[in-house]
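Novice: Below you'll find the structure I mean.
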Amino acid sequence: MAICTVHTTPSLSMPNTHLNQRQVIFFTSARKNQFFRGQNRAFTVSCSADAKTVVIGLAADSGCGKSTFMRRLTSVFGGAAEPPKGGNPDSNTLISDTTTVICLDDYHSLDRTGRKEKGVTALDPKANDFDLMYEQVKALKEGKAVDKPIYNHVTGLLDPPEVIQPPKILVIEGLHPMFDERVRDLLDFSIYLDISNEVKFAWKIQRDMAERGHSLESIKASIEARKPDFDSFIDPQKKYADAVIEVLPTQLIPGDNEGKVLRVRLIQKEGLKHFSPVYLFDEGSTISWIPCGRKLTCSYPGIKFTYGPETYFSNEVSVLEMDGQFDRLDELIYVESHLSNLSSKFYGEVTQQMLKHSDFPGSNNGTGLFQTIIGLKIRDLYEQIVAERAAATAQAAKV
């Protein structure tokens with residue numbers, strides 16, 4: 001749908017010409033100016049799409065589960081997320097019916113060799129083009145296509161750009177979605193994946209040794225080399241996030257550091273316009289719940305949920321926490337029935353989504369559960385924003 005402005009002027013043969021203007025609604029997505037003539041009047045129609053792209057930011061360090069989160073998120077909206085058809089096979093972009101996911105590595109201003117020569121990591125702002133990032137995210141939000149660069153993770157080079165059309169929902173994921181204030185202000189919602197050092201180390205060993213053939217020594221060296229820049233440039237972004245998924249070692253097993261059993265906290269900012277935090281049993285109360293029993297099978301070390309209000313970087317937040325892991329995902333419905341403000345379309349949708357992607361990493365613990373919940377909240381946020389814009393368009397048509 002587009003808002004069109006109609007300018008009417010009397011024919012040039014008529015005396016005392018003047019200009020009148022009126023807005024009307026045309027059900028079209030086209031952007032165009034058209035000129036009509038009839039009955040001594042000329043009509044100039046200017047149309048522009050009123051549905052802007054909703055922009056979501058996801059920040060996390062390398063190897064912290066951004067890709068899995070993106071797959072869960074796009075699944076909530078339906079349609080398979082795939083690279084642009086007919087484009088660069090090494091493109092980092094994923095496109096579905098509703099969403100486009102852009103990897104912010106594409107805005108590296110230095111390729112792998114250039115970073116090595118200058119002695120900087122990809123985490124350093126000096127290795128990234130924030131001006132271009134801002135300009136292109138802003139353009140996409142305004143409904144304009146962009147020629148986005150491609151950072152080739154295989155070769156370490158900057159490949160020729162690809163055309164990105166404005167989607168309904170744009171997700172920018174990577175190291176710096178909330179670093180630059182200009183980009184941060186474009187976000188309609190932001191998430192930070194906060195993985196503790198112990199868990200991050202365990203995950204990177206699993207990924208880089210098993211999938212990429214790296215040695216244990218090289219993984220340790222990589223983590224240590226990145227840590228100063230991570231602490232300086234990546235980690236501080238979590239204070240700007242609307243939701244933080246914090247992954248920690250379990251407290252159910254004393255001294256555990258294997259990273260197999262996890263304690264996951266969903267930190268939700270209060271007072272946001274389009275976001276109502278999920279709560280357990282009673283909103284605003286402090287709750288501790290061990291659900292194991294006849295309706296939820298729990299092997300050692302069990303499962304524990306907690307919920308309550310906290311302060312996070314001077315912001316009032318609600319925190320939902322899960323420690324432990326599920327033995328049977330189909331029994332998750334019991335937990336789901338005690339959670340409120342899920343923004344689900346029907347009873348059991350969270351459980352359905354989890355079962356649908358039971359092979360995804362984190363599907364048996366709080367990482368998968370809270371990623372799924374945030375995906376549903378983002379869908380709800382998008383629908384609220386679209387409804388508000390439609391109402392504003394209808395109101396404008398009456399003026």
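Lettering and numbering for the structure tokens are positional, with chains as A, B, ... in the shown order, residues counted from 1 in each chain, and ligands counted from 1 in the shown order.
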Would you kindly return, as a PyMOL selection string, each protein, DNA or RNA residue with an atom no farther than 6 Å from any atom of Tyr307 of chain A, considering only C-alpha atoms and excluding same-chain residues fewer than 2 positions away?
Specialist: chain A and resi 286-287+319-320
Novice: Write a file of the selected residues as a PDB file, in the first residue's frame, keeping N, CA, C and O atoms.
Specialist:
```pdb
ATOM      1  N   THR A 286       9.245 -12.646  42.647  1.00  0.00           N
ATOM      2  CA  THR A 286      10.496 -13.389  42.618  1.00  0.00           C
ATOM      3  C   THR A 286      10.169 -14.858  42.809  1.00  0.00           C
ATOM      4  O   THR A 286       9.610 -15.248  43.842  1.00  0.00           O
ATOM      5  N   ILE A 287      10.499 -15.670  41.797  1.00  0.00           N
ATOM      6  CA  ILE A 287      10.057 -17.064  41.751  1.00  0.00           C
ATOM      7  C   ILE A 287      11.251 -17.991  41.615  1.00  0.00           C
ATOM      8  O   ILE A 287      12.178 -17.724  40.843  1.00  0.00           O
ATOM      9  N   VAL A 319      14.173 -10.872  34.634  1.00  0.00           N
ATOM     10  CA  VAL A 319      15.101 -11.941  34.272  1.00  0.00           C
ATOM     11  C   VAL A 319      14.429 -13.298  34.469  1.00  0.00           C
ATOM     12  O   VAL A 319      13.953 -13.626  35.563  1.00  0.00           O
ATOM     13  N   LEU A 320      14.383 -14.074  33.384  1.00  0.00           N
ATOM     14  CA  LEU A 320      13.911 -15.451  33.414  1.00  0.00           C
ATOM     15  C   LEU A 320      15.121 -16.348  33.214  1.00  0.00           C
ATOM     16  O   LEU A 320      15.880 -16.161  32.263  1.00  0.00           O
TER      17      LEU A 320
END
```
Novice: At a cut-off of 8 Å, using only C-alpha atoms, what residues contact segment 53-57 of chain A? Leave out same-chain residues fewer than 6 positions from it and give the result as an NGL selection string.
Specialist: :A and (140-143 or 166-173 or 177-178 or 186-191 or 382)
Novice: Identify all residues of segment 218-360 of chain A in strand (DSSP E) (DSSP on the backbone) and supply them as a short mmCIF file (atom, residue, chain, number, x, y, z; two decimals) with N, CA, C and O atoms, in the first residue's frame.
Specialist:
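To be explicit, this is the file written out as states_5.cif:
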```
data_model
loop_
_atom_site.label_atom_id
_atom_site.label_comp_id
_atom_site.auth_asym_id
_atom_site.auth_seq_id
_atom_site.Cartn_x
_atom_site.Cartn_y
_atom_site.Cartn_z
N ALA A 243 17.17 -7.00 24.84
CA ALA A 243 17.15 -8.33 25.45
C ALA A 243 18.55 -8.91 25.38
O ALA A 243 19.24 -8.76 24.37
N VAL A 244 18.95 -9.56 26.45
CA VAL A 244 20.26 -10.22 26.51
C VAL A 244 20.03 -11.68 26.87
O VAL A 244 19.29 -11.99 27.82
N ILE A 245 20.63 -12.59 26.10
CA ILE A 245 20.63 -14.00 26.45
C ILE A 245 22.02 -14.33 26.98
O ILE A 245 23.00 -14.34 26.23
N GLU A 246 22.10 -14.54 28.27
CA GLU A 246 23.37 -14.75 28.96
C GLU A 246 23.55 -16.24 29.23
O GLU A 246 22.69 -16.87 29.85
N VAL A 247 24.67 -16.79 28.79
CA VAL A 247 24.93 -18.23 28.91
C VAL A 247 26.11 -18.44 29.85
O VAL A 247 27.22 -17.94 29.60
N LEU A 248 25.86 -19.20 30.91
CA LEU A 248 26.83 -19.39 31.99
C LEU A 248 26.98 -20.87 32.32
O LEU A 248 26.11 -21.68 31.99
N PRO A 249 28.05 -21.25 33.02
CA PRO A 249 28.16 -22.63 33.51
C PRO A 249 27.04 -22.93 34.50
O PRO A 249 26.55 -22.05 35.20
N LEU A 262 24.09 -26.05 31.03
CA LEU A 262 24.20 -24.60 31.02
C LEU A 262 23.14 -23.93 31.89
O LEU A 262 22.03 -24.45 32.04
N ARG A 263 23.50 -22.77 32.40
CA ARG A 263 22.55 -21.88 33.08
C ARG A 263 22.36 -20.68 32.15
O ARG A 263 23.32 -19.98 31.82
N VAL A 264 21.14 -20.45 31.71
CA VAL A 264 20.86 -19.42 30.71
C VAL A 264 19.88 -18.41 31.28
O VAL A 264 18.84 -18.79 31.84
N ARG A 265 20.21 -17.13 31.14
CA ARG A 265 19.38 -16.05 31.67
C ARG A 265 18.87 -15.19 30.51
O ARG A 265 19.64 -14.76 29.66
N LEU A 266 17.56 -14.97 30.49
CA LEU A 266 16.94 -14.07 29.51
C LEU A 266 16.67 -12.75 30.23
O LEU A 266 15.76 -12.65 31.06
N ILE A 267 17.47 -11.73 29.91
CA ILE A 267 17.38 -10.41 30.55
C ILE A 267 16.56 -9.51 29.64
O ILE A 267 16.97 -9.24 28.50
N GLN A 268 15.41 -9.05 30.13
CA GLN A 268 14.46 -8.32 29.29
C GLN A 268 14.24 -6.92 29.83
O GLN A 268 13.81 -6.75 30.98
N LYS A 269 14.49 -5.93 29.01
CA LYS A 269 14.34 -4.54 29.43
C LYS A 269 12.86 -4.20 29.59
O LYS A 269 12.02 -4.55 28.76
N TYR A 279 7.10 -13.70 31.62
CA TYR A 279 7.26 -13.93 33.05
C TYR A 279 6.77 -15.32 33.44
O TYR A 279 6.03 -15.97 32.70
N LEU A 280 7.20 -15.74 34.61
CA LEU A 280 6.88 -17.05 35.15
C LEU A 280 5.91 -16.90 36.32
O LEU A 280 6.21 -16.20 37.29
N ILE A 287 10.50 -15.67 41.80
CA ILE A 287 10.06 -17.06 41.75
C ILE A 287 11.25 -17.99 41.61
O ILE A 287 12.18 -17.72 40.84
N SER A 288 11.23 -19.11 42.34
CA SER A 288 12.17 -20.21 42.14
C SER A 288 11.35 -21.47 41.99
O SER A 288 10.49 -21.77 42.83
N TRP A 289 11.57 -22.23 40.90
CA TRP A 289 10.70 -23.35 40.56
C TRP A 289 11.52 -24.52 40.04
O TRP A 289 12.31 -24.36 39.10
N ILE A 303 16.50 -29.67 36.65
CA ILE A 303 16.20 -28.38 36.02
C ILE A 303 15.68 -27.43 37.09
O ILE A 303 14.89 -27.81 37.95
N LYS A 304 16.12 -26.19 37.01
CA LYS A 304 15.63 -25.17 37.92
C LYS A 304 15.35 -23.89 37.15
O LYS A 304 16.18 -23.44 36.34
N PHE A 305 14.18 -23.30 37.37
CA PHE A 305 13.82 -22.01 36.79
C PHE A 305 13.77 -20.96 37.90
O PHE A 305 13.32 -21.25 39.02
N THR A 306 14.19 -19.76 37.58
CA THR A 306 14.00 -18.62 38.47
C THR A 306 13.51 -17.44 37.64
O THR A 306 13.74 -17.38 36.42
N TYR A 307 12.84 -16.53 38.31
CA TYR A 307 12.32 -15.33 37.64
C TYR A 307 12.23 -14.21 38.67
O TYR A 307 11.93 -14.44 39.85
N GLY A 308 12.49 -12.98 38.20
CA GLY A 308 12.33 -11.85 39.09
C GLY A 308 12.89 -10.57 38.50
O GLY A 308 13.55 -10.57 37.46
N PRO A 309 12.63 -9.44 39.16
CA PRO A 309 13.13 -8.14 38.70
C PRO A 309 14.58 -7.92 39.12
O PRO A 309 15.01 -8.39 40.18
N GLU A 310 15.32 -7.23 38.27
CA GLU A 310 16.70 -6.87 38.57
C GLU A 310 17.01 -5.51 37.94
O GLU A 310 16.19 -4.94 37.21
N THR A 311 18.20 -5.00 38.23
CA THR A 311 18.72 -3.81 37.57
C THR A 311 19.93 -4.22 36.75
O THR A 311 20.82 -4.92 37.25
N TYR A 312 19.96 -3.82 35.48
CA TYR A 312 21.02 -4.22 34.55
C TYR A 312 21.51 -2.98 33.83
O TYR A 312 20.78 -2.37 33.05
N ASN A 315 19.27 -0.11 34.07
CA ASN A 315 17.94 -0.31 33.48
C ASN A 315 17.14 -1.32 34.31
O ASN A 315 17.69 -2.32 34.78
N GLU A 316 15.85 -1.06 34.46
CA GLU A 316 14.97 -2.02 35.12
C GLU A 316 14.69 -3.16 34.14
O GLU A 316 14.27 -2.93 33.00
N VAL A 317 14.95 -4.40 34.59
CA VAL A 317 14.77 -5.56 33.73
C VAL A 317 14.03 -6.66 34.48
O VAL A 317 13.98 -6.67 35.71
N SER A 318 13.45 -7.58 33.70
CA SER A 318 12.92 -8.83 34.24
C SER A 318 13.83 -9.95 33.74
O SER A 318 14.21 -9.96 32.57
N VAL A 319 14.17 -10.87 34.63
CA VAL A 319 15.10 -11.94 34.27
C VAL A 319 14.43 -13.30 34.47
O VAL A 319 13.95 -13.63 35.56
N LEU A 320 14.38 -14.07 33.38
CA LEU A 320 13.91 -15.45 33.41
C LEU A 320 15.12 -16.35 33.21
O LEU A 320 15.88 -16.16 32.26
N GLU A 321 15.32 -17.30 34.11
CA GLU A 321 16.52 -18.13 34.07
C GLU A 321 16.16 -19.61 34.05
O GLU A 321 15.23 -20.04 34.74
N MET A 322 16.92 -20.36 33.26
CA MET A 322 16.80 -21.82 33.27
C MET A 322 18.18 -22.43 33.45
O MET A 322 19.11 -22.11 32.72
N ASP A 323 18.30 -23.33 34.42
CA ASP A 323 19.54 -24.07 34.66
C ASP A 323 19.22 -25.55 34.49
O ASP A 323 18.29 -26.07 35.11
N GLY A 324 19.99 -26.22 33.63
CA GLY A 324 19.75 -27.64 33.37
C GLY A 324 19.28 -27.86 31.95
O GLY A 324 19.30 -26.95 31.11
N LEU A 339 4.37 -20.14 31.58
CA LEU A 339 4.97 -18.88 31.15
C LEU A 339 3.90 -17.99 30.51
O LEU A 339 3.03 -18.49 29.78
N SER A 340 3.97 -16.70 30.76
CA SER A 340 3.00 -15.75 30.22
C SER A 340 3.71 -14.68 29.40
O SER A 340 4.92 -14.47 29.52
#
```
Novice: Tell me which protein, DNA and RNA residues are within 8 Å of segment 109-115 of chain A, counting only C-alpha atoms, leaving out same-chain ones fewer than 5 positions away, and put them as a PyMOL selection string.
Specialist: chain A and resi 120-122+126-129+151+156-158
Novice: Give the answer as one residue: which of A:Lys200, A:Val76, A:Lys116, A:Pro291 has the shortest atom-to-atom distance to Glu224 of chain A, using only C-alpha atoms?
Specialist: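 When distances to Glu224 of chain A are compared using only C-alpha atoms, the smallest one comes from A:Lys200.
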Novice: I need the residue nearest Phe233 of chain A from this list: A:Asp147, A:Asp180, A:Asp359, A:Asp256. Use only C-alpha atoms for the distance.
Specialist: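 That would be A:Asp180, the residue with the smallest distance to Phe233 of chain A.
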Novice: For atom CA of Phe313 of chain A and atom CA of Tyr192 of chain A, quote the distance in Å rounded to one decimal.
Specialist: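 Straight-line distance from atom CA of Phe313 of chain A to atom CA of Tyr192 of chain A works out to 13.6 Å.
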Novice: From the set A:Phe179, A:Tyr134, A:Glu283, A:Leu252, which residue has the shortest atom-to-atom contact distance to Gln237 of chain A, counting only C-alpha atoms?
Specialist: A:Phe179
Novice: Tell me which protein, DNA and RNA residues are within 12 Å of Leu342 of chain A, counting only C-alpha atoms, leaving out same-chain ones fewer than 6 positions away, and put them as a VMD selection string.
Specialist: chain A and resid 275 to 280 335 to 336 348 to 351 369 to 381
Novice: Could you find all residues in segment 244-372 of chain A that DSSP calls helix (DSSP H, G or I) from the backbone, and write them as a count of residues only?
Specialist: 23
Novice: Closest to Arg184 of chain A among A:Gln325, A:Pro301, A:Val101, A:Lys138, using only C-alpha atoms?
Specialist: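 Comparing A:Gln325, A:Pro301, A:Val101, A:Lys138 against Arg184 of chain A, the winner is A:Lys138.
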Novice: When you draw a straight line from atom CA of Met70 of chain A to atom CA of Ser91 of chain A, how long is it in Å?
Specialist: 15.5 Å
Novice: Could you work out how far atom CA of Asn341 of chain A lies from atom CA of Gly284 of chain A, giving the answer in Å with one decimal?
Specialist: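 These two atoms are separated by 12.6 Å.
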Novice: Looking at only C-alpha atoms, which of A:Gln384, A:Ser218, A:Ser62, A:Gln165 is the one that sits closest to Ser96 of chain A?
Specialist: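 Nearest to Ser96 of chain A: A:Gln165.
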Novice: Between A:Asp159, A:Asp194, A:Asp131, A:Asp90, which is the closest to Asp235 of chain A once you count only C-alpha atoms?
Specialist: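 Once distances to Asp235 of chain A are computed over only C-alpha atoms, the minimum belongs to A:Asp194.
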Novice: Excluding Ala81 of chain A and residues on its chain fewer than 5 positions from it, collect all residues at most 9 Å away from it, counting only C-alpha atoms, and give them as a list of chain:residue names.
Specialist: A:Met70, A:Arg71, A:Thr74, A:Ser75, A:Leu94, A:Ile95, A:Ser96, A:Asp97, A:Thr99, A:Thr100, A:Val101
